[in-house]
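Working notes, structure below.
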Amino acid sequence: MNIRQTLAATLAVVTLNLVAIKAEEPIGTVVFQSDFGLSDGAVSAMWGVAHEIDQELFLANLSHDVPPYNIWVAAYFLSQTANYWPAGTVFVSVVDPGVGTKRKSVVLKTKTGHYFVTPDNGTLTLVGDQLGVEEVREINEAVNRRKDSTKSYTFHGRDVYAYTGAKLASKSITFEEVGPSLGETIFKLDYTEASLKSEELNGNVDIIDFRYGNIWTNIDRDLFMKMKPKFGDVFEVTFSQDSKTIYKAEIPYMATFGDVPEGEPLIYLNSLIRLSFALNQDSFEKVNNIGYGAGWKVSLKKK
Amino acid sequence: MNIRQTLAATLAVVTLNLVAIKAEEPIGTVVFQSDFGLSDGAVSAMWGVAHEIDQELFLANLSHDVPPYNIWVAAYFLSQTANYWPAGTVFVSVVDPGVGTKRKSVVLKTKTGHYFVTPDNGTLTLVGDQLGVEEVREINEAVNRRKDSTKSYTFHGRDVYAYTGAKLASKSITFEEVGPSLGETIFKLDYTEASLKSEELNGNVDIIDFRYGNIWTNIDRDLFMKMKPKFGDVFEVTFSQDSKTIYKAEIPYMATFGDVPEGEPLIYLNSLIRLSFALNQDSFEKVNNIGYGAGWKVSLKKK
Amino acid sequence: MNIRQTLAATLAVVTLNLVAIKAEEPIGTVVFQSDFGLSDGAVSAMWGVAHEIDQELFLANLSHDVPPYNIWVAAYFLSQTANYWPAGTVFVSVVDPGVGTKRKSVVLKTKTGHYFVTPDNGTLTLVGDQLGVEEVREINEAVNRRKDSTKSYTFHGRDVYAYTGAKLASKSITFEEVGPSLGETIFKLDYTEASLKSEELNGNVDIIDFRYGNIWTNIDRDLFMKMKPKFGDVFEVTFSQDSKTIYKAEIPYMATFGDVPEGEPLIYLNSLIRLSFALNQDSFEKVNNIGYGAGWKVSLKKK
C-alpha cells in the first residue's frame, strides 16, 4: 500500500468515526416515575443502574409521589406528561402492588413512538387510549435483568425496569429484544370515557384538587359546550362508584365560586378547562365523600 | 481533481466538522423554579418541552416548593443561587398569581450574563438589584410559544416560559428574537435595602427560619459592624409592616442563645452572617407575629 | 514539506483530536446528598458550582431528606446506593453537625473505584466496610475551595465539597491533588456488624420503616438461616442502646403478620430479605420505644 492508499484508508476511517459521533445523537432519554418518594435511596439506585448502562443517557423524573400502590394516579400522571417529551423517550413507571404475583412486566410502544416500561397492571390505561397502542412486549427477565441481581431478592424497579428501560433508550437492545410480542393487549382499568349520548354527559373523576377538595373530571370544555350551557343553568348530577350512586343533586353551572351561597355546590371549568365540581368555601370531596380513579363516574343531565 | 486534491478537500471538511463538534460546547443550561411542587406532572411537562427543543440542553431544578403565589420567595431563591451558575444560564421561574391578567411575560438579561424568563410581577426584584439589569425584553407570544398549544388553554409555564427559555438556551433564538425591548424597566417589589443613616440601621425581613421561628434580615455583618456593637449592647428594635409598627422592644446583641433567659429575645448573626432575631427556646415569629417579604422592615438604634 | 507530508501531519492531528473526543467519555458524574431539603436554593447552589466547573458533568441527587444532622442515615443511604453507580462516580455528602469544629474534610476512594467527598464524621462508616477503603485524603482547603468564597463566611457544602467533588469528577484535579493522604483511616460509628457466634445472632438496627413502625436490621437471610429456623420457632430477643437493655421478650418467627394475634410481636424477613420485627396491626417502634442507628443492637437466641 503506497502513501496515497494509506491516506485514503485512514481518511475513510476518520470520516466514519466522525459520522458515528454525529449520528450518536440523540443518545436517549429515560423518565422515571414511582411511589417510592425521594427521601431514601431507591430512586437514586434506579438512576445509577441506568447511568451505568450508558453514561450519555439523559435521565429525568416525573413524579415519585404517586400515592402508594395507586395505579390510577400513575396512569394519570403519564397521560398528563408523556406527549410533551420527544418521540423515543422511554418512561419507567414502577407502581407495583402486585410485585411477586403474576402480573406481566412489559414495554408498550405507542403510535407516537414513546415507550413505557412498567408492570402491566393498569398503568398503561390512559396512555394506551390517548397515544395509541403500537405493540406491547413482555420483558424476558432471563436476559433483561441486572447481571448480579441476586437469586434471593430482586428489586424489580431497579433490576428489571430501570435496567430494561436504559438498555432500550441507549439502543443496546431493540424493542424486539425486550421479549415476546403480546400484540396490542394491555391490562386496562375500567374507567368511563367522556361521552355525550341522548342529552346525558358521562365522564370519569380523574383526580381531586386536594388543597380545596374540588372534583376534576375528564370531560373537556368542547364536549360540555355541545350541551349549550349558559351560566345559571341547572344540571342533575350523579356521582357513582362502581355503579353504586354516592351522590345525587341539582347543581348550577357558574362562572365563579361566589355566584353561589357559601357551602353550596357549583359546576365550573378548572385550570385545565375540564368540567369540575366545588362547594363555595368548603370541600366537595369531604362533605360528599367523593373519590376518584377508575370506577368513579359522573353523569349530568340538563334540567 | 486528482487524489491529492480530493484528499485535501476531504481533510478540510473533516477538520471543519471537528471544529464544529468541539465548538458546540457549552450547549446551554436551563434551571427551573415554580410553586407547582414535584408531586404531579407539571414540572416534568416543562422539562419535556425544553428537552424536545434540544436534547443536549442541561436541565436542573432550583426549588418547586415556593409557597403558592409567593413572589417574594421566588425572588429571594433566585437571588440566593443565580450567581453560582455560569454566565449564560437561563432561569425559568413560574410563580404567577396574575396569570390571565396583563402582567408582562419577559426575559431579563443581567449584567452578569444570566437570563431570567418569568412573569414580570416582582420576581426579578432582587436579581435585578444584585446582578444588574442589562436589558429586558417582552416575550412575543405570537412566535415564542409551543406550536400545538391550544387556543382554549395555555399553560404558560410550559407553553411560553419553558419553551422560550429552552429556545434561548439552545441558541435557536437570540435574545433580540425574544421580543421587543423594554429597556431596563422591571417591576420591583418595594422592599427595604439595608442601609445605615444617622446611627439608624434599616433593613428588610428576607425570610423566617421556620424550624425555629427565627427572623432573618438582609443586613450583613459588615454593615452592622459599622455600629461597633459589642456583645451585651442593647438596641431599640422596631419591626413594621407597610409602615405600621408591629413590634417594638429593646434587645441585646449576644453571642449565643443561652446568653439570655428562656423566652427572652436576642440579636445574633445567622449562618449566612446576616443580622437575625430569636427568642431563646421559643419562636420569635409566632410570639410576636412577625412576617417576611417586601413591606416587612426592621430598624435598629443603639441605646 | 511536500503535500504528502502536510497531509500526513494534518491527518495525525485530526486523528489525535478524534481520539481525544472519544476518550473524553465518560466525562464524570457527581451525586449529591444532604440534610438541606429541596425547598430552598441550597442544593441548586451546589449544582451550579459543579456545573460551572465543567458543564459536561452528569449531576444527580441521592436524598436531600436525610434527617437534620443524622450521620447514620447519611451513611446508610450511601451504602444502599453507591454500588449501583459506575466506578468513578463521585458522591458529595453534606450532613455536618460539626461544621466549624475540627472534623476533617476528606475524600475517600474505595476499592471499587467510587469517591466520597464529605466531612469525616462517620458518614463513611458503611461504604468503608462494604466497598473497602483504598485511600483517604484530607481536602487541602487552601487550594480546593471556590475562588470568591468570602473569608467571613464559607458554606462548606457548596464552596468546598461540591467544588472539590466536581474538580475531581471532571479530572481537573487528580485524587492526589485533593490533599495529603490519611492512609486508610476513616472515622467510624460504632455499630454492630451482623454475626453469629455460639448460637447467638447479633446485629444492628439499621432503620425503621416509619409508615408501619417496623424494625429493620442488618442481619441478612443467609446468616439467619444458619440457625435453621422454622416458622413458629420462638427466639429470645434483646434490643439495647449503647449496651443498655431497652426491650427483652420471646418472639416467634412467622411467615405473615396475621400468624400472630393483634398487637403481638413477630420476627419476619422484610422486602430487602433482612431480619425485621413488627407488631401485628401496631407499631413495634412506638410501643417499645426502639430507635435505630449505631448503638442500637439486637441479639437473638433460639429458645
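Every chain in the C-alpha cells takes a letter, A first, then B, and so on in the order presented; its residues are numbered from 1, and the ligands are numbered from 1 following the presented order.
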
Neighbouring residues of segment 141-147 of chain C were defined as those with any atom within 12 Å, considering only C-alpha atoms; residues of the same chain fewer than 3 positions away were excluded. Please report them as a PyMOL selection string.
(chain B and resi 84) or (chain C and resi 46+48-50+52-53+104-107+117+137-138+150-151+153-168+172-175+177-180)

Would you mind listing what lies within 10 Å of segment 241-245 of chain C as a list in words, with only C-alpha atoms counted and same-chain residues fewer than 2 positions away left out?
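The residues satisfying every condition are Asp190, Tyr191, Val205, Thr238, Phe239, Tyr247, Lys248, Ile290, Gly291, Tyr292, Gly293, Ala294, Gly295, Trp296, Lys297 and Val298 of chain C.
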
Would you write out, as JSON lines, a table of all residues in chain C that have an atom no more than 6 Å from an atom of chain A, listing for each the closest atom pair and the distance in Å to one decimal, considering only C-alpha atoms and ordering rows by chain and rising residue number?
```
{"residue": "C:Leu62", "atom": "CA", "partner": "A:Ser44", "partner_atom": "CA", "distance": 5.2}
{"residue": "C:Ser63", "atom": "CA", "partner": "A:Ser39", "partner_atom": "CA", "distance": 5.4}
{"residue": "C:Asp65", "atom": "CA", "partner": "A:Ser39", "partner_atom": "CA", "distance": 5.1}
{"residue": "C:Phe77", "atom": "CA", "partner": "A:Gly41", "partner_atom": "CA", "distance": 5.6}
{"residue": "C:Thr81", "atom": "CA", "partner": "A:Ala45", "partner_atom": "CA", "distance": 5.0}
{"residue": "C:Tyr84", "atom": "CA", "partner": "A:Gly48", "partner_atom": "CA", "distance": 5.1}
{"residue": "C:Trp85", "atom": "CA", "partner": "A:Gly48", "partner_atom": "CA", "distance": 4.2}
{"residue": "C:Pro86", "atom": "CA", "partner": "A:Glu52", "partner_atom": "CA", "distance": 5.1}
```

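Considering the residues A:Glu193, A:Glu285, A:Asp259, A:Asp96 and counting only C-alpha atoms, Asp129 of chain A has its shortest atom-to-atom contact with A:Glu193.
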
Residues at most 10 Å from Glu184 of chain A, counting only C-alpha atoms, excluding those fewer than 6 positions away in the same chain, as a PyMOL selection string?
chain A and resi 108-110+128+132-137

Keeping only N, CA and C atoms, write the selected residues to a file as an mmCIF file, in the first residue's frame.
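Just written: again.cif:
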```
data_model
loop_
_atom_site.group_PDB
_atom_site.id
_atom_site.type_symbol
_atom_site.label_atom_id
_atom_site.label_comp_id
_atom_site.auth_asym_id
_atom_site.auth_seq_id
_atom_site.Cartn_x
_atom_site.Cartn_y
_atom_site.Cartn_z
ATOM 1 N N LEU A 108 -44.548 -1.023 26.467
ATOM 2 C CA LEU A 108 -45.516 -0.564 25.460
ATOM 3 C C LEU A 108 -44.829 0.424 24.533
ATOM 4 N N LYS A 109 -44.985 0.207 23.233
ATOM 5 C CA LYS A 109 -44.608 1.242 22.261
ATOM 6 C C LYS A 109 -45.906 1.843 21.738
ATOM 7 N N THR A 110 -46.036 3.176 21.872
ATOM 8 C CA THR A 110 -47.263 3.821 21.401
ATOM 9 C C THR A 110 -47.111 4.245 19.945
ATOM 10 N N GLY A 128 -52.293 4.345 26.685
ATOM 11 C CA GLY A 128 -52.746 3.429 25.629
ATOM 12 C C GLY A 128 -53.870 4.051 24.814
ATOM 13 N N GLY A 132 -52.244 5.728 21.624
ATOM 14 C CA GLY A 132 -52.435 4.603 20.714
ATOM 15 C C GLY A 132 -51.423 3.500 20.927
ATOM 16 N N VAL A 133 -51.893 2.262 21.001
ATOM 17 C CA VAL A 133 -51.006 1.118 21.226
ATOM 18 C C VAL A 133 -50.442 0.628 19.900
ATOM 19 N N GLU A 134 -49.134 0.716 19.739
ATOM 20 C CA GLU A 134 -48.496 0.155 18.534
ATOM 21 C C GLU A 134 -48.209 -1.329 18.772
ATOM 22 N N GLU A 135 -47.528 -1.620 19.856
ATOM 23 C CA GLU A 135 -47.238 -3.018 20.190
ATOM 24 C C GLU A 135 -46.769 -3.099 21.641
ATOM 25 N N VAL A 136 -47.070 -4.233 22.265
ATOM 26 C CA VAL A 136 -46.624 -4.488 23.639
ATOM 27 C C VAL A 136 -45.726 -5.724 23.616
ATOM 28 N N ARG A 137 -44.657 -5.684 24.385
ATOM 29 C CA ARG A 137 -43.796 -6.860 24.510
ATOM 30 C C ARG A 137 -43.563 -7.170 25.985
#
```

Distance query Asp222 of chain B at most 10 Å, only C-alpha atoms, self and fewer than 2 positions along chain excluded, as a PyMOL selection string
(chain B and resi 219-220+224-227+273-274) or (chain C and resi 152)

Convert the current residue selection to file output with all heavy atoms, as a PDB file, in the first residue's frame.
```
ATOM      1  N   ILE B 219     -29.517  42.518  56.398  1.00  0.00           N
ATOM      2  CA  ILE B 219     -28.424  43.362  56.912  1.00  0.00           C
ATOM      3  C   ILE B 219     -27.212  42.478  57.159  1.00  0.00           C
ATOM      4  O   ILE B 219     -27.261  41.582  58.000  1.00  0.00           O
ATOM      5  CB  ILE B 219     -28.845  44.052  58.226  1.00  0.00           C
ATOM      6  CG1 ILE B 219     -30.067  44.944  57.963  1.00  0.00           C
ATOM      7  CG2 ILE B 219     -27.682  44.842  58.823  1.00  0.00           C
ATOM      8  CD1 ILE B 219     -30.731  45.463  59.236  1.00  0.00           C
ATOM      9  N   ASP B 220     -26.124  42.720  56.428  1.00  0.00           N
ATOM     10  CA  ASP B 220     -24.979  41.827  56.601  1.00  0.00           C
ATOM     11  C   ASP B 220     -24.045  42.327  57.702  1.00  0.00           C
ATOM     12  O   ASP B 220     -24.168  43.444  58.203  1.00  0.00           O
ATOM     13  CB  ASP B 220     -24.253  41.581  55.277  1.00  0.00           C
ATOM     14  CG  ASP B 220     -23.607  42.835  54.723  1.00  0.00           C
ATOM     15  OD1 ASP B 220     -23.383  43.795  55.493  1.00  0.00           O
ATOM     16  OD2 ASP B 220     -23.341  42.845  53.516  1.00  0.00           O
ATOM     17  N   PHE B 224     -23.515  46.020  59.860  1.00  0.00           N
ATOM     18  CA  PHE B 224     -23.790  46.045  61.300  1.00  0.00           C
ATOM     19  C   PHE B 224     -22.545  46.474  62.087  1.00  0.00           C
ATOM     20  O   PHE B 224     -22.636  47.238  63.066  1.00  0.00           O
ATOM     21  CB  PHE B 224     -24.279  44.658  61.741  1.00  0.00           C
ATOM     22  CG  PHE B 224     -24.626  44.542  63.196  1.00  0.00           C
ATOM     23  CD1 PHE B 224     -25.474  45.465  63.809  1.00  0.00           C
ATOM     24  CD2 PHE B 224     -24.123  43.494  63.968  1.00  0.00           C
ATOM     25  CE1 PHE B 224     -25.804  45.341  65.161  1.00  0.00           C
ATOM     26  CE2 PHE B 224     -24.444  43.368  65.307  1.00  0.00           C
ATOM     27  CZ  PHE B 224     -25.283  44.300  65.913  1.00  0.00           C
ATOM     28  N   MET B 225     -21.377  45.994  61.647  1.00  0.00           N
ATOM     29  CA  MET B 225     -20.135  46.275  62.388  1.00  0.00           C
ATOM     30  C   MET B 225     -19.796  47.771  62.387  1.00  0.00           C
ATOM     31  O   MET B 225     -19.040  48.238  63.239  1.00  0.00           O
ATOM     32  CB  MET B 225     -18.975  45.455  61.808  1.00  0.00           C
ATOM     33  CG  MET B 225     -19.036  43.984  62.207  1.00  0.00           C
ATOM     34  SD  MET B 225     -19.033  43.753  64.023  1.00  0.00           S
ATOM     35  CE  MET B 225     -20.202  42.403  64.215  1.00  0.00           C
ATOM     36  N   LYS B 226     -20.373  48.510  61.421  1.00  0.00           N
ATOM     37  CA  LYS B 226     -20.127  49.958  61.400  1.00  0.00           C
ATOM     38  C   LYS B 226     -20.728  50.644  62.636  1.00  0.00           C
ATOM     39  O   LYS B 226     -20.374  51.769  62.961  1.00  0.00           O
ATOM     40  CB  LYS B 226     -20.700  50.575  60.125  1.00  0.00           C
ATOM     41  CG  LYS B 226     -19.900  50.165  58.886  1.00  0.00           C
ATOM     42  CD  LYS B 226     -20.356  50.875  57.629  1.00  0.00           C
ATOM     43  CE  LYS B 226     -19.469  50.465  56.446  1.00  0.00           C
ATOM     44  NZ  LYS B 226     -20.137  50.718  55.158  1.00  0.00           N
ATOM     45  N   MET B 227     -21.669  49.952  63.291  1.00  0.00           N
ATOM     46  CA  MET B 227     -22.218  50.490  64.546  1.00  0.00           C
ATOM     47  C   MET B 227     -21.346  50.116  65.739  1.00  0.00           C
ATOM     48  O   MET B 227     -21.669  50.453  66.874  1.00  0.00           O
ATOM     49  CB  MET B 227     -23.637  49.954  64.775  1.00  0.00           C
ATOM     50  CG  MET B 227     -24.628  50.370  63.708  1.00  0.00           C
ATOM     51  SD  MET B 227     -26.293  49.741  64.070  1.00  0.00           S
ATOM     52  CE  MET B 227     -26.990  51.127  64.986  1.00  0.00           C
ATOM     53  N   ILE B 273     -24.345  34.907  58.069  1.00  0.00           N
ATOM     54  CA  ILE B 273     -23.659  36.095  58.618  1.00  0.00           C
ATOM     55  C   ILE B 273     -24.495  37.343  58.368  1.00  0.00           C
ATOM     56  O   ILE B 273     -24.009  38.378  57.920  1.00  0.00           O
ATOM     57  CB  ILE B 273     -22.218  36.249  58.044  1.00  0.00           C
ATOM     58  CG1 ILE B 273     -21.512  34.910  57.979  1.00  0.00           C
ATOM     59  CG2 ILE B 273     -21.413  37.233  58.927  1.00  0.00           C
ATOM     60  CD1 ILE B 273     -21.283  34.254  59.306  1.00  0.00           C
ATOM     61  N   ARG B 274     -25.799  37.200  58.605  1.00  0.00           N
ATOM     62  CA  ARG B 274     -26.689  38.348  58.495  1.00  0.00           C
ATOM     63  C   ARG B 274     -27.402  38.545  59.839  1.00  0.00           C
ATOM     64  O   ARG B 274     -27.593  37.594  60.605  1.00  0.00           O
ATOM     65  CB  ARG B 274     -27.714  38.116  57.394  1.00  0.00           C
ATOM     66  CG  ARG B 274     -27.015  37.912  56.055  1.00  0.00           C
ATOM     67  CD  ARG B 274     -27.835  38.424  54.932  1.00  0.00           C
ATOM     68  NE  ARG B 274     -27.029  38.538  53.726  1.00  0.00           N
ATOM     69  CZ  ARG B 274     -27.534  38.581  52.514  1.00  0.00           C
ATOM     70  NH1 ARG B 274     -28.841  38.518  52.336  1.00  0.00           N
ATOM     71  NH2 ARG B 274     -26.744  38.702  51.464  1.00  0.00           N
TER      72      ARG B 274
ATOM     73  N   SER C 152     -15.265  35.778  55.503  1.00  0.00           N
ATOM     74  CA  SER C 152     -16.137  35.835  56.675  1.00  0.00           C
ATOM     75  C   SER C 152     -17.120  34.672  56.730  1.00  0.00           C
ATOM     76  O   SER C 152     -17.643  34.328  57.767  1.00  0.00           O
ATOM     77  CB  SER C 152     -16.927  37.148  56.686  1.00  0.00           C
ATOM     78  OG  SER C 152     -17.829  37.172  55.603  1.00  0.00           O
TER      79      SER C 152
END
```

Alpha helix (DSSP H) call set, DSSP backbone run, segment 252-290 of chain B, as number ranges by chain:
B: 284-288

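Atom CA of Lys171 of chain B lies 28.7 Å from atom CA of Val66 of chain B.
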
For Glu200 of chain A, list every protein, DNA or RNA residue within 7 Å, evaluated using only C-alpha atoms, and leave out those in the same chain fewer than 3 positions away; present the list as JSON, numbers by chain.
{"A": [196, 197, 299, 300, 301]}

Take the selection from the previous step and output its residues with N, CA, C and O atoms, as a compact mmCIF listing (two decimals), in the first residue's frame.
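Final output, saved to selection-v3.txt:
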```
# COMPACT_ATOMS: atom_id res chain seq x y z
N LEU A 196 -71.09 12.03 25.26
CA LEU A 196 -72.41 12.66 25.31
C LEU A 196 -73.36 11.84 24.45
O LEU A 196 -73.15 11.69 23.25
N LYS A 197 -74.38 11.23 25.11
CA LYS A 197 -75.35 10.41 24.38
C LYS A 197 -76.74 10.74 24.88
O LYS A 197 -76.96 10.78 26.09
N SER A 299 -72.33 11.68 35.97
CA SER A 299 -73.32 11.83 34.90
C SER A 299 -74.06 13.15 35.07
O SER A 299 -74.37 13.54 36.20
N LEU A 300 -74.35 13.82 33.97
CA LEU A 300 -75.07 15.09 34.01
C LEU A 300 -76.21 15.10 33.00
O LEU A 300 -76.03 14.64 31.86
N LYS A 301 -77.34 15.65 33.43
CA LYS A 301 -78.45 15.93 32.51
C LYS A 301 -78.92 17.35 32.77
O LYS A 301 -78.99 17.78 33.93
```

10 Å contact set for Phe257 of chain A, only C-alpha atoms, chain neighbours under 6 positions out, as a PyMOL selection string:
chain A and resi 264-268+278-281

For Asp209 of chain C, find every residue with an atom within 10 Å (counting only C-alpha atoms), except residues of its own chain fewer than 3 positions away, and show them as a ChimeraX atom specification.
/C:212-216,270,276,278,283,285

Write the residues you've just listed into a file as a CSV table (one decimal), in the first residue's frame, and include C-alpha atoms for each of them.
```
chain,number,residue,atom,x,y,z
C,212,TYR,CA,-45.7,0.9,60.0
C,213,GLY,CA,-43.2,1.2,62.8
C,214,ASN,CA,-41.4,-2.0,61.8
C,215,ILE,CA,-37.7,-2.5,62.9
C,216,TRP,CA,-35.2,-3.4,60.1
C,270,ASN,CA,-38.6,-7.7,55.1
C,276,SER,CA,-37.1,-7.5,60.9
C,278,ALA,CA,-43.2,-6.0,63.8
C,283,SER,CA,-46.1,-0.1,65.8
C,285,GLU,CA,-41.2,1.2,67.4
```

What does the structure give for the distance between atom CA of Gly98 of chain B and atom CA of Tyr69 of chain B, in Å to one decimal?
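About the pair atom CA of Gly98 of chain B and atom CA of Tyr69 of chain B: they are 8.8 Å apart.
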
d(atom CA of Asn140 of chain B, atom CA of Val95 of chain B) in Å
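Value for the atom CA of Asn140 of chain B-atom CA of Val95 of chain B distance: 19.5 Å.
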